[in-house]
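What follows is a short report on a single structure.
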Amino acid sequence: MSALTIRNLTKTYANGVHALKGIDLQVEKGDFFALLGPNGAGKSTTIGVISSLVNKTAGDVSIFGHSLDTQRALAKMKIGVVPQEFNFNQFEKVFDIVVTQAGFYGIPVPLARERAEKYLRQLGLWEKRDKQSRTLSGGMKRRLMIARALVHEPELLILDEPTAGVDIELRRSMWDFLTRINGEGKTIILTTHYLEEAESLCRHIAIIDHGIIVENTDMKSLLEKL
Ligand code: ADP
Ligand code: ADP
């Protein structure tokens, strides 16, 4: 079964912009998949639809076989999303942010606290657990978004431009972290406008431009073509 199947997905925003013009994508379980494209191509819109933040205009999306139209709650349990913008409560403490998120998935508090510790430690944020999120650096906030997206242990992790504006050292450590959890079996999809990032990490790649998938292949074949 595929982790993600998208069929003929279109999105036209209220202002008339045709952000997605009928895209098809399939991502297999265990894959590390890049959606590459320039600014304005439709990457965030695609992620928005998959994560139920943007209403699609037409088409079908299913996540581990659960349709977003008919089994949205089940589909949402399967995915963790790391958006581009920080959207934390600025005054909530780091530990509480992750525990609160677990609550949205009905995870009992003792388990939520255990998971929060596990992922904050893995992402190097355990020392910051009692700090308000507004005191964190940009790189720390980004890692906190990853910890928060993992707390319900989704099978599919989706990251929108995870290393945009991140310095080279943190980029490396985020790449290592993502490679490690993919090795442990998590399916990962990320968007990026850097071919280098896709090349370093991903096994499959789709290139999107003006709301159309213009290439969809394994990384090796793409690099041979370039
Ligand atoms: P829906 O997702 O229900 O179709 P929209 O996202 O189209 O609703 O509506 C949000 C509003 O925000 C629109 O009026 C749109 O003009 C505006 N907006 C937000 N982001 C952008 C953007 N990147 N480009 C143009 N307009 C934007
Ligand atoms: P990317 O993530 O690849 O930069 P987006 O999905 O953000 O691309 O944007 C695709 C197109 O849709 C762009 O033309 C953008 O301006 C437009 N757009 C994005 N969000 C909105 C919105 N809320 N309302 C209207 N237009 C939008």
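In the structure tokens, each chain is lettered A, B, ... as it comes, each chain's residues begin at 1, and ligands are numbered from 1 in order of appearance.
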
Task: Polymer residues at most 12 Å from Ala34 (chain A), only C-alpha atoms, same-chain spacing of 2 or more positions, as a PyMOL selection string - done: chain A and resi 25-27+31-32+36-37+43+47+157-162+187-208+215-219

Each residue of chain A lying at most 12 Å from ligand 2 should get a row with its shortest atom-to-atom pair and the distance in Å to one decimal, counting only C-alpha atoms and all ligand atoms; could you produce that, ordered by chain and increasing number, as JSON lines?
```
{"residue": "A:Thr10", "atom": "CA", "partner": "ligand 2", "partner_atom_place_in_ligand_line": "12 (O)", "distance": 11.3}
{"residue": "A:Lys11", "atom": "CA", "partner": "ligand 2", "partner_atom_place_in_ligand_line": "12 (O)", "distance": 8.5}
{"residue": "A:Thr12", "atom": "CA", "partner": "ligand 2", "partner_atom_place_in_ligand_line": "26 (N)", "distance": 7.9}
{"residue": "A:Tyr13", "atom": "CA", "partner": "ligand 2", "partner_atom_place_in_ligand_line": "25 (C)", "distance": 4.8}
{"residue": "A:Ala14", "atom": "CA", "partner": "ligand 2", "partner_atom_place_in_ligand_line": "25 (C)", "distance": 6.4}
{"residue": "A:Asn15", "atom": "CA", "partner": "ligand 2", "partner_atom_place_in_ligand_line": "25 (C)", "distance": 5.6}
{"residue": "A:Gly16", "atom": "CA", "partner": "ligand 2", "partner_atom_place_in_ligand_line": "25 (C)", "distance": 7.4}
{"residue": "A:Val17", "atom": "CA", "partner": "ligand 2", "partner_atom_place_in_ligand_line": "26 (N)", "distance": 5.5}
{"residue": "A:His18", "atom": "CA", "partner": "ligand 2", "partner_atom_place_in_ligand_line": "12 (O)", "distance": 6.6}
{"residue": "A:Ala19", "atom": "CA", "partner": "ligand 2", "partner_atom_place_in_ligand_line": "12 (O)", "distance": 4.2}
{"residue": "A:Leu20", "atom": "CA", "partner": "ligand 2", "partner_atom_place_in_ligand_line": "10 (C)", "distance": 7.4}
{"residue": "A:Lys21", "atom": "CA", "partner": "ligand 2", "partner_atom_place_in_ligand_line": "10 (C)", "distance": 10.6}
{"residue": "A:Leu35", "atom": "CA", "partner": "ligand 2", "partner_atom_place_in_ligand_line": "3 (O)", "distance": 9.0}
{"residue": "A:Leu36", "atom": "CA", "partner": "ligand 2", "partner_atom_place_in_ligand_line": "3 (O)", "distance": 8.1}
{"residue": "A:Gly37", "atom": "CA", "partner": "ligand 2", "partner_atom_place_in_ligand_line": "3 (O)", "distance": 6.0}
{"residue": "A:Pro38", "atom": "CA", "partner": "ligand 2", "partner_atom_place_in_ligand_line": "3 (O)", "distance": 5.9}
{"residue": "A:Asn39", "atom": "CA", "partner": "ligand 2", "partner_atom_place_in_ligand_line": "4 (O)", "distance": 3.6}
{"residue": "A:Gly40", "atom": "CA", "partner": "ligand 2", "partner_atom_place_in_ligand_line": "8 (O)", "distance": 3.5}
{"residue": "A:Ala41", "atom": "CA", "partner": "ligand 2", "partner_atom_place_in_ligand_line": "3 (O)", "distance": 3.7}
{"residue": "A:Gly42", "atom": "CA", "partner": "ligand 2", "partner_atom_place_in_ligand_line": "6 (O)", "distance": 3.3}
{"residue": "A:Lys43", "atom": "CA", "partner": "ligand 2", "partner_atom_place_in_ligand_line": "3 (O)", "distance": 3.7}
{"residue": "A:Ser44", "atom": "CA", "partner": "ligand 2", "partner_atom_place_in_ligand_line": "2 (O)", "distance": 3.6}
{"residue": "A:Thr45", "atom": "CA", "partner": "ligand 2", "partner_atom_place_in_ligand_line": "6 (O)", "distance": 3.6}
{"residue": "A:Thr46", "atom": "CA", "partner": "ligand 2", "partner_atom_place_in_ligand_line": "6 (O)", "distance": 6.4}
{"residue": "A:Ile47", "atom": "CA", "partner": "ligand 2", "partner_atom_place_in_ligand_line": "6 (O)", "distance": 8.0}
{"residue": "A:Gly48", "atom": "CA", "partner": "ligand 2", "partner_atom_place_in_ligand_line": "6 (O)", "distance": 8.0}
{"residue": "A:Val49", "atom": "CA", "partner": "ligand 2", "partner_atom_place_in_ligand_line": "6 (O)", "distance": 9.8}
{"residue": "A:Leu53", "atom": "CA", "partner": "ligand 2", "partner_atom_place_in_ligand_line": "23 (N)", "distance": 10.3}
{"residue": "A:Val54", "atom": "CA", "partner": "ligand 2", "partner_atom_place_in_ligand_line": "23 (N)", "distance": 8.2}
{"residue": "A:Asn55", "atom": "CA", "partner": "ligand 2", "partner_atom_place_in_ligand_line": "23 (N)", "distance": 10.3}
{"residue": "A:Lys56", "atom": "CA", "partner": "ligand 2", "partner_atom_place_in_ligand_line": "23 (N)", "distance": 11.8}
{"residue": "A:Pro83", "atom": "CA", "partner": "ligand 2", "partner_atom_place_in_ligand_line": "2 (O)", "distance": 10.6}
{"residue": "A:Gln84", "atom": "CA", "partner": "ligand 2", "partner_atom_place_in_ligand_line": "2 (O)", "distance": 9.3}
{"residue": "A:Glu85", "atom": "CA", "partner": "ligand 2", "partner_atom_place_in_ligand_line": "2 (O)", "distance": 11.8}
{"residue": "A:Leu159", "atom": "CA", "partner": "ligand 2", "partner_atom_place_in_ligand_line": "2 (O)", "distance": 11.4}
{"residue": "A:Asp160", "atom": "CA", "partner": "ligand 2", "partner_atom_place_in_ligand_line": "2 (O)", "distance": 7.9}
{"residue": "A:Glu161", "atom": "CA", "partner": "ligand 2", "partner_atom_place_in_ligand_line": "2 (O)", "distance": 8.4}
{"residue": "A:Ala164", "atom": "CA", "partner": "ligand 2", "partner_atom_place_in_ligand_line": "4 (O)", "distance": 11.8}
{"residue": "A:Leu190", "atom": "CA", "partner": "ligand 2", "partner_atom_place_in_ligand_line": "2 (O)", "distance": 11.2}
{"residue": "A:Thr191", "atom": "CA", "partner": "ligand 2", "partner_atom_place_in_ligand_line": "2 (O)", "distance": 7.9}
{"residue": "A:Thr192", "atom": "CA", "partner": "ligand 2", "partner_atom_place_in_ligand_line": "3 (O)", "distance": 8.4}
{"residue": "A:His193", "atom": "CA", "partner": "ligand 2", "partner_atom_place_in_ligand_line": "3 (O)", "distance": 8.1}
{"residue": "A:Tyr194", "atom": "CA", "partner": "ligand 2", "partner_atom_place_in_ligand_line": "3 (O)", "distance": 11.9}
{"residue": "A:Ile207", "atom": "CA", "partner": "ligand 2", "partner_atom_place_in_ligand_line": "3 (O)", "distance": 10.2}
{"residue": "A:Ile208", "atom": "CA", "partner": "ligand 2", "partner_atom_place_in_ligand_line": "3 (O)", "distance": 7.7}
{"residue": "A:Asp209", "atom": "CA", "partner": "ligand 2", "partner_atom_place_in_ligand_line": "3 (O)", "distance": 7.8}
{"residue": "A:His210", "atom": "CA", "partner": "ligand 2", "partner_atom_place_in_ligand_line": "10 (C)", "distance": 7.4}
{"residue": "A:Gly211", "atom": "CA", "partner": "ligand 2", "partner_atom_place_in_ligand_line": "10 (C)", "distance": 7.0}
{"residue": "A:Ile212", "atom": "CA", "partner": "ligand 2", "partner_atom_place_in_ligand_line": "10 (C)", "distance": 10.7}
{"residue": "A:Ile213", "atom": "CA", "partner": "ligand 2", "partner_atom_place_in_ligand_line": "3 (O)", "distance": 11.6}
```

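Of the residues listed (A:Ser52, A:Asn182, A:Ser133, A:Thr100), A:Ser52 shows the shortest atom-to-atom separation from ligand 1; distances use only C-alpha atoms and all ligand atoms.
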
- [ ] Compare A:Leu170, A:Arg143, A:Ala73, A:Thr57 by their minimum atom-to-atom distance to ligand 1, counting only C-alpha atoms and all ligand atoms, and give me the closest one.
- [x]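 Closest to ligand 1 of all the choices is A:Thr57.
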
TODO: Quick one: pick out all strand (DSSP E or B) residues within region 131-176 of chain A from a backbone DSSP run and write them as JSON, numbers by chain.
DONE: {"A": [132, 156, 157, 158, 159, 160]}

Task: A:Lys29, A:Gly22, A:Ile79, A:Arg72 ranked by distance to Gly59 (chain A), top pick (using only C-alpha atoms) - done: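 Closest to Gly59 (chain A) of all the choices is A:Gly22.
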
Task: Surrounding residues of Ser137 (chain A) excluding itself and chain neighbours under 4 positions, 12 Å, only C-alpha atoms, as a list in words - done: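 Here the answer would be Phe86, Leu125, Lys128, Lys131, Gln132, Ser133, Lys141, Arg142, Arg143, Leu144, Gly165, Val166, Asp167 and Leu170 of chain A.
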
- [ ] Write out as a PyMOL selection string which residues come within 9 Å of Gly183 (chain A) when counting only C-alpha atoms, dropping same-chain ones fewer than 4 positions away.
- [x] chain A and resi 30+178-179

- [ ] Find, counting only C-alpha atoms, the residue in A:Val151, A:Ile50, A:Leu123, A:Leu156 that gets nearest to Phe64 (chain A).
- [x]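 Checking each candidate against Phe64 (chain A), we get A:Leu156 as the closest.
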
TODO: For region 101-118 of chain A, list every protein, DNA or RNA residue within 7 Å, evaluated using only C-alpha atoms, and leave out those in the same chain fewer than 5 positions away; present the list as a PyMOL selection string.
DONE: chain A and resi 95+126+148+151-152

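One finds CA of Pro154 (chain A) at 6.5 Å from CA of Met77 (chain A).
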
Task: One-decimal distance in Å that lies between CA of Lys78 (chain A) and CA of Gly65 (chain A) - done: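 The value is 10.4 Å.
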
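For the residues A:Ile168, A:Ala58, A:Leu222, A:Leu120, ranking by smallest atom-to-atom distance to ligand 1 using only C-alpha atoms and all ligand atoms places A:Ala58 first.
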
Open item on the list: What's the separation between CA of Val61 (chain A) and CA of Leu9 (chain A), in Å to one decimal place?
Closed with: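 Straight-line distance from CA of Val61 (chain A) to CA of Leu9 (chain A) works out to 7.6 Å.
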